[in-house]
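So this one's entry01.pdb, PDB, C-alpha atoms:
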ATOM      1  CA  PRO A   1       0.000   0.000   0.000
ATOM      2  CA  ASN A   2       0.970   3.679  -0.110
ATOM      3  CA  LEU A   3       2.736   3.457   3.245
ATOM      4  CA  PHE A   4       5.777   2.784   1.057
ATOM      5  CA  GLY A   5       6.907   6.202  -0.187
ATOM      6  CA  LEU A   6       9.855   7.927  -1.861
ATOM      7  CA  ASN A   7      12.368   7.553   0.956
ATOM      8  CA  GLU A   8      11.448   3.911   1.558
ATOM      9  CA  PHE A   9      11.873   3.252  -2.163
ATOM     10  CA  ILE A  10      15.342   4.818  -2.153
ATOM     11  CA  ASP A  11      16.284   2.702   0.893
ATOM     12  CA  TRP A  12      15.184  -0.383  -1.074
ATOM     13  CA  CYS A  13      17.186   0.717  -4.154
ATOM     14  CA  ARG A  14      20.340   1.039  -2.046
ATOM     15  CA  LYS A  15      19.845  -2.450  -0.610
ATOM     16  CA  ALA A  16      19.166  -3.880  -4.071
ATOM     17  CA  ASP A  17      22.168  -2.028  -5.574
ATOM     18  CA  THR A  18      20.045  -0.474  -8.290
ATOM     19  CA  GLU A  19      19.228   3.016  -9.551
ATOM     20  CA  ALA A  20      15.802   4.586  -9.202
ATOM     21  CA  MET A  21      13.747   5.745 -12.171
ATOM     22  CA  MET A  22      11.156   8.212 -10.898
ATOM     23  CA  ALA A  23       8.040   9.573 -12.595
ATOM     24  CA  VAL A  24       6.407  12.943 -12.055
ATOM     25  CA  ASN A  25       2.635  13.422 -12.203
ATOM     26  CA  LEU A  26       1.592  15.303 -15.348
ATOM     27  CA  GLY A  27      -2.046  14.236 -15.099
ATOM     28  CA  THR A  28      -3.504  15.891 -11.998
ATOM     29  CA  ARG A  29      -0.321  17.869 -11.253
ATOM     30  CA  GLY A  30       2.287  19.701 -13.306
ATOM     31  CA  PRO A  31       5.624  21.528 -13.526
ATOM     32  CA  ASP A  32       5.610  23.076 -10.052
ATOM     33  CA  GLU A  33       5.142  19.804  -8.173
ATOM     34  CA  ALA A  34       7.727  18.165 -10.461
ATOM     35  CA  ARG A  35      10.425  20.715  -9.658
ATOM     36  CA  GLN A  36       9.550  20.477  -5.939
ATOM     37  CA  LEU A  37      10.075  16.709  -6.061
ATOM     38  CA  VAL A  38      13.476  17.179  -7.731
ATOM     39  CA  GLU A  39      14.439  19.785  -5.112
ATOM     40  CA  TYR A  40      13.429  17.442  -2.275
ATOM     41  CA  SER A  41      15.242  14.472  -3.822
ATOM     42  CA  ASN A  42      18.415  15.923  -5.314
ATOM     43  CA  HIS A  43      19.264  19.361  -3.884
ATOM     44  CA  PRO A  44      22.020  19.132  -1.228
ATOM     45  CA  SER A  45      20.684  21.579   1.390
ATOM     46  CA  GLY A  46      19.735  25.166   2.111
ATOM     47  CA  THR A  47      16.278  25.218   0.536
ATOM     48  CA  TYR A  48      12.954  24.479   2.216
ATOM     49  CA  LEU A  49      12.427  21.107   0.551
ATOM     50  CA  SER A  50      16.029  19.875   0.712
ATOM     51  CA  ASP A  51      16.121  20.769   4.410
ATOM     52  CA  LEU A  52      12.810  18.923   4.838
ATOM     53  CA  ARG A  53      14.459  15.787   3.409
ATOM     54  CA  ILE A  54      17.271  16.220   5.937
ATOM     55  CA  GLN A  55      14.672  16.532   8.723
ATOM     56  CA  HIS A  56      13.246  13.220   7.488
ATOM     57  CA  GLY A  57      16.615  11.576   8.163
ATOM     58  CA  TYR A  58      18.338  11.804   4.751
ATOM     59  CA  LYS A  59      21.293  14.194   4.955
ATOM     60  CA  GLN A  60      22.716  13.134   1.595
ATOM     61  CA  PRO A  61      20.615  13.866  -1.511
ATOM     62  CA  HIS A  62      19.091  10.872  -3.282
ATOM     63  CA  ASN A  63      20.642  11.969  -6.613
ATOM     64  CA  ILE A  64      17.941  10.359  -8.743
ATOM     65  CA  LYS A  65      19.224  10.698 -12.300
ATOM     66  CA  THR A  66      16.402   9.420 -14.528
ATOM     67  CA  TRP A  67      12.863  10.858 -14.476
ATOM     68  CA  CYS A  68       9.788  10.079 -16.574
ATOM     69  CA  LEU A  69       7.609  13.053 -17.552
ATOM     70  CA  GLY A  70       4.270  11.465 -16.666
ATOM     71  CA  ASN A  71       3.147   7.981 -17.646
ATOM     72  CA  GLU A  72       0.996   6.796 -20.583
ATOM     73  CA  MET A  73      -0.434  10.279 -21.039
ATOM     74  CA  ASP A  74      -2.073   9.238 -24.328
ATOM     75  CA  GLY A  75      -4.267   6.706 -22.510
ATOM     76  CA  PRO A  76      -7.979   7.507 -22.013
ATOM     77  CA  TRP A  77      -7.734   5.389 -18.811
ATOM     78  CA  GLN A  78      -5.474   8.067 -17.280
ATOM     79  CA  ILE A  79      -6.724  10.885 -15.066
ATOM     80  CA  GLY A  80      -5.653  14.003 -16.937
ATOM     81  CA  ALA A  81      -5.014  12.249 -20.280
ATOM     82  CA  LYS A  82      -3.831  14.661 -22.952
ATOM     83  CA  THR A  83      -3.585  15.112 -26.683
ATOM     84  CA  ALA A  84      -0.083  14.920 -28.121
ATOM     85  CA  ALA A  85       0.099  18.715 -28.417
ATOM     86  CA  GLU A  86      -1.141  19.246 -24.848
ATOM     87  CA  TYR A  87       1.296  16.714 -23.479
ATOM     88  CA  GLY A  88       4.271  17.866 -25.560
ATOM     89  CA  ARG A  89       3.855  21.434 -24.278
ATOM     90  CA  ILE A  90       3.597  20.521 -20.589
ATOM     91  CA  ALA A  91       6.396  17.948 -20.896
ATOM     92  CA  ASN A  92       8.681  20.612 -22.362
ATOM     93  CA  GLU A  93       7.881  23.189 -19.667
ATOM     94  CA  THR A  94       8.256  20.570 -16.923
ATOM     95  CA  ALA A  95      11.580  19.404 -18.358
ATOM     96  CA  LYS A  96      12.886  22.977 -18.389
ATOM     97  CA  VAL A  97      12.092  23.676 -14.744
ATOM     98  CA  MET A  98      13.340  20.258 -13.558
ATOM     99  CA  LYS A  99      16.674  20.788 -15.298
ATOM    100  CA  TRP A 100      16.926  24.285 -13.810
ATOM    101  CA  VAL A 101      16.855  22.609 -10.379
ATOM    102  CA  ASP A 102      19.259  19.818 -11.415
ATOM    103  CA  PRO A 103      20.961  20.141 -14.829
ATOM    104  CA  SER A 104      22.313  16.579 -14.634
ATOM    105  CA  LEU A 105      18.905  14.906 -15.030
ATOM    106  CA  GLU A 106      18.035  12.547 -17.885
ATOM    107  CA  LEU A 107      14.369  12.897 -18.844
ATOM    108  CA  VAL A 108      12.010  10.458 -20.561
ATOM    109  CA  ALA A 109       9.056  11.741 -22.580
ATOM    110  CA  CYS A 110       5.939   9.549 -22.826
ATOM    111  CA  GLY A 111       5.642   7.665 -26.060
ATOM    112  CA  SER A 112       2.612   5.640 -27.101
ATOM    113  CA  SER A 113       1.162   3.344 -24.425
ATOM    114  CA  ASN A 114       1.261   0.436 -26.868
ATOM    115  CA  LEU A 115       1.693  -0.401 -30.527
ATOM    116  CA  GLY A 116      -2.071  -0.508 -31.078
ATOM    117  CA  MET A 117      -2.833   3.086 -30.043
ATOM    118  CA  ALA A 118      -4.728   4.890 -32.812
ATOM    119  CA  THR A 119      -2.434   7.914 -32.427
ATOM    120  CA  PHE A 120       0.802   5.925 -32.952
ATOM    121  CA  PRO A 121       3.269   7.112 -34.331
ATOM    122  CA  GLU A 122       1.905  10.627 -34.842
ATOM    123  CA  TRP A 123       1.964  10.978 -31.038
ATOM    124  CA  GLU A 124       5.759  10.510 -30.967
ATOM    125  CA  ALA A 125       6.297  12.953 -33.820
ATOM    126  CA  THR A 126       4.165  15.692 -32.235
ATOM    127  CA  VAL A 127       5.515  15.209 -28.705
ATOM    128  CA  LEU A 128       9.169  15.200 -29.766
ATOM    129  CA  ASP A 129       8.596  18.168 -32.049
ATOM    130  CA  LEU A 130       7.536  20.123 -28.952
ATOM    131  CA  CYS A 131      10.078  18.897 -26.390
ATOM    132  CA  TYR A 132      13.101  17.628 -28.375
ATOM    133  CA  ALA A 133      15.454  20.236 -26.891
ATOM    134  CA  ASN A 134      14.808  19.249 -23.278
ATOM    135  CA  VAL A 135      14.340  15.450 -23.237
ATOM    136  CA  ASP A 136      16.732  12.554 -23.725
ATOM    137  CA  TYR A 137      14.490   9.496 -24.211
ATOM    138  CA  ILE A 138      11.076   8.508 -25.526
ATOM    139  CA  SER A 139       9.242   5.643 -23.801
ATOM    140  CA  LEU A 140       7.617   2.506 -25.234
ATOM    141  CA  HIS A 141       5.205   0.123 -23.472
ATOM    142  CA  GLN A 142       3.967  -3.249 -24.734
ATOM    143  CA  TYR A 143       2.237  -6.293 -23.257
ATOM    144  CA  TYR A 144       1.201  -9.481 -25.049
ATOM    145  CA  GLY A 145      -1.361 -12.166 -24.282
ATOM    146  CA  ASN A 146      -2.637 -15.412 -25.770
ATOM    147  CA  ARG A 147      -6.353 -15.052 -25.108
ATOM    148  CA  ASP A 148      -7.240 -16.922 -28.325
ATOM    149  CA  LYS A 149      -5.019 -19.900 -27.422
ATOM    150  CA  ASP A 150      -3.168 -19.449 -30.727
ATOM    151  CA  SER A 151       0.407 -20.363 -29.840
ATOM    152  CA  ALA A 152       1.771 -19.859 -33.351
ATOM    153  CA  ASN A 153       0.488 -16.283 -33.374
ATOM    154  CA  PHE A 154       1.444 -15.605 -29.754
ATOM    155  CA  LEU A 155       5.051 -16.701 -30.210
ATOM    156  CA  ALA A 156       5.405 -14.402 -33.234
ATOM    157  CA  GLN A 157       4.399 -11.271 -31.288
ATOM    158  CA  SER A 158       7.972 -10.072 -30.775
ATOM    159  CA  MET A 159       7.993  -9.226 -34.501
ATOM    160  CA  GLY A 160       5.453  -6.543 -33.593
ATOM    161  CA  MET A 161       7.876  -5.367 -30.925
ATOM    162  CA  ASP A 162      10.628  -5.163 -33.583
ATOM    163  CA  SER A 163       8.356  -3.010 -35.738
ATOM    164  CA  PHE A 164       7.412  -0.817 -32.759
ATOM    165  CA  ILE A 165      11.075  -0.164 -31.883
ATOM    166  CA  ASN A 166      12.127   0.539 -35.468
ATOM    167  CA  THR A 167       9.205   2.902 -36.102
ATOM    168  CA  VAL A 168       9.931   4.929 -32.949
ATOM    169  CA  ILE A 169      13.616   5.156 -33.917
ATOM    170  CA  SER A 170      12.649   6.393 -37.396
ATOM    171  CA  THR A 171      10.246   8.964 -35.954
ATOM    172  CA  ALA A 172      12.811  10.248 -33.446
ATOM    173  CA  ASP A 173      15.427  10.532 -36.191
ATOM    174  CA  TYR A 174      12.968  12.432 -38.397
ATOM    175  CA  ILE A 175      12.444  15.008 -35.647
ATOM    176  CA  GLN A 176      16.198  15.272 -35.119
ATOM    177  CA  ALA A 177      16.599  15.966 -38.851
ATOM    178  CA  LYS A 178      13.709  18.453 -38.804
ATOM    179  CA  LYS A 179      15.308  20.325 -35.885
ATOM    180  CA  ARG A 180      18.785  20.162 -37.475
ATOM    181  CA  GLY A 181      19.695  18.659 -34.100
ATOM    182  CA  LYS A 182      22.856  16.935 -32.957
ATOM    183  CA  LYS A 183      21.165  14.949 -30.162
ATOM    184  CA  LYS A 184      19.811  11.457 -30.813
ATOM    185  CA  ILE A 185      16.701  10.608 -28.813
ATOM    186  CA  ASN A 186      17.177   7.119 -27.416
ATOM    187  CA  LEU A 187      14.477   4.656 -26.357
ATOM    188  CA  SER A 188      13.348   3.637 -22.886
ATOM    189  CA  PHE A 189      11.241   0.458 -23.147
ATOM    190  CA  ASP A 190      10.113   0.970 -19.581
ATOM    191  CA  GLU A 191       7.107  -1.385 -19.490
ATOM    192  CA  TRP A 192       7.011  -4.778 -21.185
ATOM    193  CA  ASN A 193       5.899  -8.316 -20.367
ATOM    194  CA  VAL A 194       3.273 -10.999 -20.961
ATOM    195  CA  TRP A 195      -0.006 -10.044 -19.247
ATOM    196  CA  TYR A 196      -3.386 -11.722 -19.641
ATOM    197  CA  HIS A 197      -3.781 -14.698 -17.305
ATOM    198  CA  SER A 198      -5.128 -12.643 -14.387
ATOM    199  CA  ASN A 199      -7.652 -10.498 -16.295
ATOM    200  CA  GLU A 200     -10.725 -12.506 -15.317
ATOM    201  CA  ALA A 201      -9.707 -12.867 -11.663
ATOM    202  CA  ASP A 202      -9.091  -9.129 -11.385
ATOM    203  CA  LYS A 203     -12.656  -8.381 -12.506
ATOM    204  CA  LYS A 204     -13.875 -10.107  -9.314
ATOM    205  CA  LEU A 205     -11.767  -8.044  -6.865
ATOM    206  CA  GLU A 206     -13.658  -5.871  -4.413
ATOM    207  CA  PRO A 207     -12.800  -2.171  -4.906
ATOM    208  CA  TRP A 208     -10.952  -0.163  -2.224
ATOM    209  CA  THR A 209      -9.422  -3.200  -0.521
ATOM    210  CA  VAL A 210      -5.934  -2.873   0.962
ATOM    211  CA  ALA A 211      -3.116  -4.492  -1.046
ATOM    212  CA  PRO A 212      -5.344  -6.877  -3.055
ATOM    213  CA  PRO A 213      -3.753  -9.838  -4.931
ATOM    214  CA  GLN A 214      -4.035  -8.057  -8.264
ATOM    215  CA  LEU A 215      -2.493  -8.830 -11.683
ATOM    216  CA  GLU A 216      -1.065 -12.101 -10.377
ATOM    217  CA  ASP A 217      -0.461 -13.897 -13.666
ATOM    218  CA  ILE A 218       0.631 -17.536 -13.339
ATOM    219  CA  TYR A 219       2.986 -18.080 -16.279
ATOM    220  CA  ASN A 220       3.544 -21.121 -18.483
ATOM    221  CA  HIS A 221       6.310 -22.334 -20.794
ATOM    222  CA  GLU A 222       5.277 -20.439 -23.923
ATOM    223  CA  ASP A 223       5.164 -17.191 -21.891
ATOM    224  CA  ALA A 224       8.842 -17.749 -21.064
ATOM    225  CA  LEU A 225       9.598 -18.298 -24.764
ATOM    226  CA  LEU A 226       7.959 -15.005 -25.712
ATOM    227  CA  VAL A 227       9.721 -13.117 -22.903
ATOM    228  CA  GLY A 228      12.989 -14.493 -24.295
ATOM    229  CA  CYS A 229      12.036 -13.285 -27.773
ATOM    230  CA  MET A 230      11.141  -9.829 -26.408
ATOM    231  CA  LEU A 231      14.541  -9.614 -24.703
ATOM    232  CA  ILE A 232      16.206 -10.507 -28.012
ATOM    233  CA  SER A 233      14.171  -7.793 -29.784
ATOM    234  CA  MET A 234      15.617  -5.204 -27.420
ATOM    235  CA  LEU A 235      19.162  -6.581 -27.622
ATOM    236  CA  LYS A 236      18.990  -6.380 -31.429
ATOM    237  CA  ARG A 237      18.477  -2.604 -31.099
ATOM    238  CA  ALA A 238      20.724  -2.031 -28.093
ATOM    239  CA  ASP A 239      22.238   0.827 -30.098
ATOM    240  CA  ARG A 240      19.067   2.833 -29.337
ATOM    241  CA  VAL A 241      17.128   0.927 -26.640
ATOM    242  CA  LYS A 242      19.280   2.166 -23.758
ATOM    243  CA  MET A 243      16.864   1.379 -20.901
ATOM    244  CA  ALA A 244      14.227  -1.311 -20.477
ATOM    245  CA  CYS A 245      12.214  -2.395 -17.437
ATOM    246  CA  ILE A 246      10.186  -5.579 -17.125
ATOM    247  CA  ALA A 247       6.857  -4.776 -15.492
ATOM    248  CA  GLN A 248       6.781  -5.804 -12.729
ATOM    249  CA  LEU A 249       9.407  -7.577 -10.617
ATOM    250  CA  VAL A 250       7.505  -9.185  -7.726
ATOM    251  CA  ASN A 251       3.883 -10.493  -7.512
ATOM    252  CA  VAL A 252       2.336  -8.146 -10.127
ATOM    253  CA  ILE A 253       2.750  -9.837 -13.575
ATOM    254  CA  ALA A 254       6.117 -10.868 -12.211
ATOM    255  CA  PRO A 255       8.962 -13.375 -12.485
ATOM    256  CA  ILE A 256       9.079 -13.666  -8.663
ATOM    257  CA  MET A 257       6.062 -14.448  -6.476
ATOM    258  CA  THR A 258       5.765 -14.164  -2.702
ATOM    259  CA  ALA A 259       3.247 -15.050  -0.007
ATOM    260  CA  ASN A 260       2.710 -13.521   3.416
ATOM    261  CA  GLY A 261       5.032 -15.225   5.858
ATOM    262  CA  GLY A 262       8.167 -15.111   3.717
ATOM    263  CA  ALA A 263       7.645 -17.750   1.017
ATOM    264  CA  ALA A 264       8.955 -16.854  -2.448
ATOM    265  CA  TRP A 265       9.253 -18.754  -5.719
ATOM    266  CA  LYS A 266      10.317 -18.269  -9.340
ATOM    267  CA  GLN A 267       7.949 -18.305 -12.311
ATOM    268  CA  THR A 268       8.823 -19.560 -15.802
ATOM    269  CA  ILE A 269       9.572 -16.044 -17.090
ATOM    270  CA  TYR A 270      12.234 -15.659 -14.370
ATOM    271  CA  TYR A 271      14.671 -17.806 -16.329
ATOM    272  CA  PRO A 272      15.019 -15.916 -19.653
ATOM    273  CA  TYR A 273      15.156 -12.670 -17.669
ATOM    274  CA  MET A 274      17.888 -14.089 -15.427
ATOM    275  CA  HIS A 275      19.876 -15.329 -18.435
ATOM    276  CA  ALA A 276      19.674 -11.914 -20.114
ATOM    277  CA  SER A 277      20.752 -10.238 -16.883
ATOM    278  CA  ILE A 278      23.799 -12.493 -16.541
ATOM    279  CA  PHE A 279      24.839 -12.949 -20.180
ATOM    280  CA  GLY A 280      23.394  -9.848 -21.886
ATOM    281  CA  ARG A 281      26.529  -7.786 -21.280
ATOM    282  CA  GLY A 282      29.382  -6.481 -23.397
ATOM    283  CA  THR A 283      28.886  -5.916 -27.120
ATOM    284  CA  ALA A 284      25.581  -6.828 -28.778
ATOM    285  CA  LEU A 285      26.138  -8.615 -32.084
ATOM    286  CA  VAL A 286      23.585  -8.446 -34.906
ATOM    287  CA  PRO A 287      23.411 -11.906 -36.502
ATOM    288  CA  LEU A 288      21.891 -12.522 -39.921
ATOM    289  CA  ILE A 289      19.756 -15.628 -39.452
ATOM    290  CA  GLN A 290      18.144 -17.815 -42.105
ATOM    291  CA  SER A 291      15.437 -20.199 -40.880
ATOM    292  CA  PRO A 292      12.077 -21.621 -41.924
ATOM    293  CA  LYS A 293       9.088 -19.271 -41.646
ATOM    294  CA  TYR A 294       5.342 -19.597 -41.076
ATOM    295  CA  ASP A 295       2.381 -17.258 -41.445
ATOM    296  CA  ALA A 296       0.519 -16.198 -38.279
ATOM    297  CA  LYS A 297      -2.785 -14.345 -37.847
ATOM    298  CA  ASP A 298      -1.164 -10.976 -37.089
TER     299      ASP A 298
END
Could you write out this structure as structure tokens?
Amino acid sequence: PNLFGLNEFIDWCRKADTEAMMAVNLGTRGPDEARQLVEYSNHPSGTYLSDLRIQHGYKQPHNIKTWCLGNEMDGPWQIGAKTAAEYGRIANETAKVMKWVDPSLELVACGSSNLGMATFPEWEATVLDLCYANVDYISLHQYYGNRDKDSANFLAQSMGMDSFINTVISTADYIQAKKRGKKKINLSFDEWNVWYHSNEADKKLEPWTVAPPQLEDIYNHEDALLVGCMLISMLKRADRVKMACIAQLVNVIAPIMTANGGAAWKQTIYYPYMHASIFGRGTALVPLIQSPKYDAKD
């Protein structure tokens, strides 16, 4: 539940030896709250909010480097969803004021919430046209499911991911050319996974319960195969996909499950993710592969 806040999250990141990626609220809030959050998190001392952090027991700044400018702002399911022009303007103004507080930040603009959005890829073109100067990444999100029990089609879905990545790269490069810019906008694939097993169970959850067992997909073998293919899709474009985050890590559509009392176990999708974590280092090679092909529904 929401008892776990910013400082608790940073404590967890230190224990896990990982870096935080934070998001600011550009739905019901805006630039002023975003710059306040950066001041609280990253400013050393001597301002109201940095001194408040020190009062909370954190003398050293958190130094959070990477920040997302909202999340899935093209989605009608969001509170404060925006058109591409509305979002691009507020993202640009928010980026400016955040970097005035901390010039070292790397900022991620919201791309399309998934490949099937009706506004893709015009959304990316409009957003980057408005905030190219002040952002460093554009985000991509994609989930796949096998609701039709069509394994041949399901296992081919990473080809859609390939197309998604390549189209966003092309769009970002077009805006760079249009701006006569020197900066390449890289990609942050900051939500991806298989997600569909828990949909029916989630419809039966009572609203406003505390910490409900939500989005608890139980994965099978073909899910692990597709997760492996999705990892390969990102490795193939490691020249531009510079960040990627499986969503999520524990319990919620996750490779690791836990139960109250301390029990924990690995799901099938844990293994390709583990292998990529261990072996997906160094230089990514681009092999040219010839193999048999088949036609799938999509």
For each of A:Gly228, A:Ile253, A:Ser291, A:His221, take the minimum atom-to-atom distance to Thr268 of chain A, counting only C-alpha atoms, then give the residue where this is smallest. A:His221
Running the PyMOL selection byres ((chain A and resi 4-19) around 9) on this model by hand, what would come out? Give it as a VMD selection string. chain A and resid 1 to 3 20 to 21 41 53 56 58 62 64 to 66
Saved selection, atoms kept: C-alpha atoms, as a PDB file, in the frame of the given file:
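Below is the file result_21.pdb, written as the result:
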ATOM      1  CA  PRO A   1       0.000   0.000   0.000  1.00  0.00           C
ATOM      2  CA  ASN A   2       0.970   3.679  -0.110  1.00  0.00           C
ATOM      3  CA  LEU A   3       2.736   3.457   3.245  1.00  0.00           C
ATOM      4  CA  ALA A  20      15.802   4.586  -9.202  1.00  0.00           C
ATOM      5  CA  MET A  21      13.747   5.745 -12.171  1.00  0.00           C
ATOM      6  CA  SER A  41      15.242  14.472  -3.822  1.00  0.00           C
ATOM      7  CA  ARG A  53      14.459  15.787   3.409  1.00  0.00           C
ATOM      8  CA  HIS A  56      13.246  13.220   7.488  1.00  0.00           C
ATOM      9  CA  TYR A  58      18.338  11.804   4.751  1.00  0.00           C
ATOM     10  CA  HIS A  62      19.091  10.872  -3.282  1.00  0.00           C
ATOM     11  CA  ILE A  64      17.941  10.359  -8.743  1.00  0.00           C
ATOM     12  CA  LYS A  65      19.224  10.698 -12.300  1.00  0.00           C
ATOM     13  CA  THR A  66      16.402   9.420 -14.528  1.00  0.00           C
TER      14      THR A  66
END
Can you turn the PyMOL selection byres ((chain A and resi 84) around 9) into a concrete residue list for this file, as an mmCIF file with C-alpha atoms, in the frame of the given file?
data_model
loop_
_atom_site.group_PDB
_atom_site.id
_atom_site.type_symbol
_atom_site.label_atom_id
_atom_site.label_comp_id
_atom_site.auth_asym_id
_atom_site.auth_seq_id
_atom_site.Cartn_x
_atom_site.Cartn_y
_atom_site.Cartn_z
ATOM 1 C CA MET A 73 -0.434 10.279 -21.039
ATOM 2 C CA ASP A 74 -2.073 9.238 -24.328
ATOM 3 C CA LYS A 82 -3.831 14.661 -22.952
ATOM 4 C CA THR A 83 -3.585 15.112 -26.683
ATOM 5 C CA ALA A 85 0.099 18.715 -28.417
ATOM 6 C CA GLU A 86 -1.141 19.246 -24.848
ATOM 7 C CA TYR A 87 1.296 16.714 -23.479
ATOM 8 C CA GLY A 88 4.271 17.866 -25.560
ATOM 9 C CA ARG A 89 3.855 21.434 -24.278
ATOM 10 C CA THR A 119 -2.434 7.914 -32.427
ATOM 11 C CA GLU A 122 1.905 10.627 -34.842
ATOM 12 C CA TRP A 123 1.964 10.978 -31.038
ATOM 13 C CA GLU A 124 5.759 10.510 -30.967
ATOM 14 C CA ALA A 125 6.297 12.953 -33.820
ATOM 15 C CA THR A 126 4.165 15.692 -32.235
ATOM 16 C CA VAL A 127 5.515 15.209 -28.705
#
I need the residue nearest Asn220 of chain A from this list: A:Ala259, A:Leu128, A:Val194, A:Ile138. Use all atoms listed in the file for the distance. A:Val194
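Across A:Pro121, A:Ser50, A:Tyr144, A:Asn63, the tightest approach to Asn166 of chain A is made by A:Pro121 when counting all atoms listed in the file.
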Show which residues sit within 10 Å of Asp223 of chain A, as a ChimeraX atom specification. Count all atoms listed in the file, and ignore same-chain residues fewer than 5 positions away. /A:144-146,151,154-155,193-195,218,228-229,268-269
To box segment 137-148 of chain A, take all atoms listed in the file, fit an axis-aligned box, add 8 Å on each side, and give centre and edge lengths in Å to one decimal, as JSON.
{"center_x": 3.6, "center_y": -3.7, "center_z": -25.8, "size_x": 37.7, "size_y": 42.4, "size_z": 21.1}
Residues selected by the PyMOL selection byres ((chain A and resi 110) around 12), written as a PyMOL selection string: chain A and resi 23-26+67-75+81-84+87-88+90-92+107-109+111-114+120+123-128+131+135-141+168+187-191
Residue subset to file, keeping C-alpha atoms, as a compact mmCIF listing (two decimals), in the frame of the given file:
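Saved result, part-v7.txt, follows:
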# COMPACT_ATOMS: atom_id res chain seq x y z
CA ALA A 23 8.04 9.57 -12.60
CA VAL A 24 6.41 12.94 -12.06
CA ASN A 25 2.64 13.42 -12.20
CA LEU A 26 1.59 15.30 -15.35
CA TRP A 67 12.86 10.86 -14.48
CA CYS A 68 9.79 10.08 -16.57
CA LEU A 69 7.61 13.05 -17.55
CA GLY A 70 4.27 11.46 -16.67
CA ASN A 71 3.15 7.98 -17.65
CA GLU A 72 1.00 6.80 -20.58
CA MET A 73 -0.43 10.28 -21.04
CA ASP A 74 -2.07 9.24 -24.33
CA GLY A 75 -4.27 6.71 -22.51
CA ALA A 81 -5.01 12.25 -20.28
CA LYS A 82 -3.83 14.66 -22.95
CA THR A 83 -3.58 15.11 -26.68
CA ALA A 84 -0.08 14.92 -28.12
CA TYR A 87 1.30 16.71 -23.48
CA GLY A 88 4.27 17.87 -25.56
CA ILE A 90 3.60 20.52 -20.59
CA ALA A 91 6.40 17.95 -20.90
CA ASN A 92 8.68 20.61 -22.36
CA LEU A 107 14.37 12.90 -18.84
CA VAL A 108 12.01 10.46 -20.56
CA ALA A 109 9.06 11.74 -22.58
CA GLY A 111 5.64 7.66 -26.06
CA SER A 112 2.61 5.64 -27.10
CA SER A 113 1.16 3.34 -24.42
CA ASN A 114 1.26 0.44 -26.87
CA PHE A 120 0.80 5.92 -32.95
CA TRP A 123 1.96 10.98 -31.04
CA GLU A 124 5.76 10.51 -30.97
CA ALA A 125 6.30 12.95 -33.82
CA THR A 126 4.16 15.69 -32.24
CA VAL A 127 5.52 15.21 -28.70
CA LEU A 128 9.17 15.20 -29.77
CA CYS A 131 10.08 18.90 -26.39
CA VAL A 135 14.34 15.45 -23.24
CA ASP A 136 16.73 12.55 -23.72
CA TYR A 137 14.49 9.50 -24.21
CA ILE A 138 11.08 8.51 -25.53
CA SER A 139 9.24 5.64 -23.80
CA LEU A 140 7.62 2.51 -25.23
CA HIS A 141 5.20 0.12 -23.47
CA VAL A 168 9.93 4.93 -32.95
CA LEU A 187 14.48 4.66 -26.36
CA SER A 188 13.35 3.64 -22.89
CA PHE A 189 11.24 0.46 -23.15
CA ASP A 190 10.11 0.97 -19.58
CA GLU A 191 7.11 -1.38 -19.49
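Comparing A:His197, A:His275, A:Arg35, A:Lys149 by their smallest distance to Val101 of chain A, the closest is A:Arg35 (using all atoms listed in the file).
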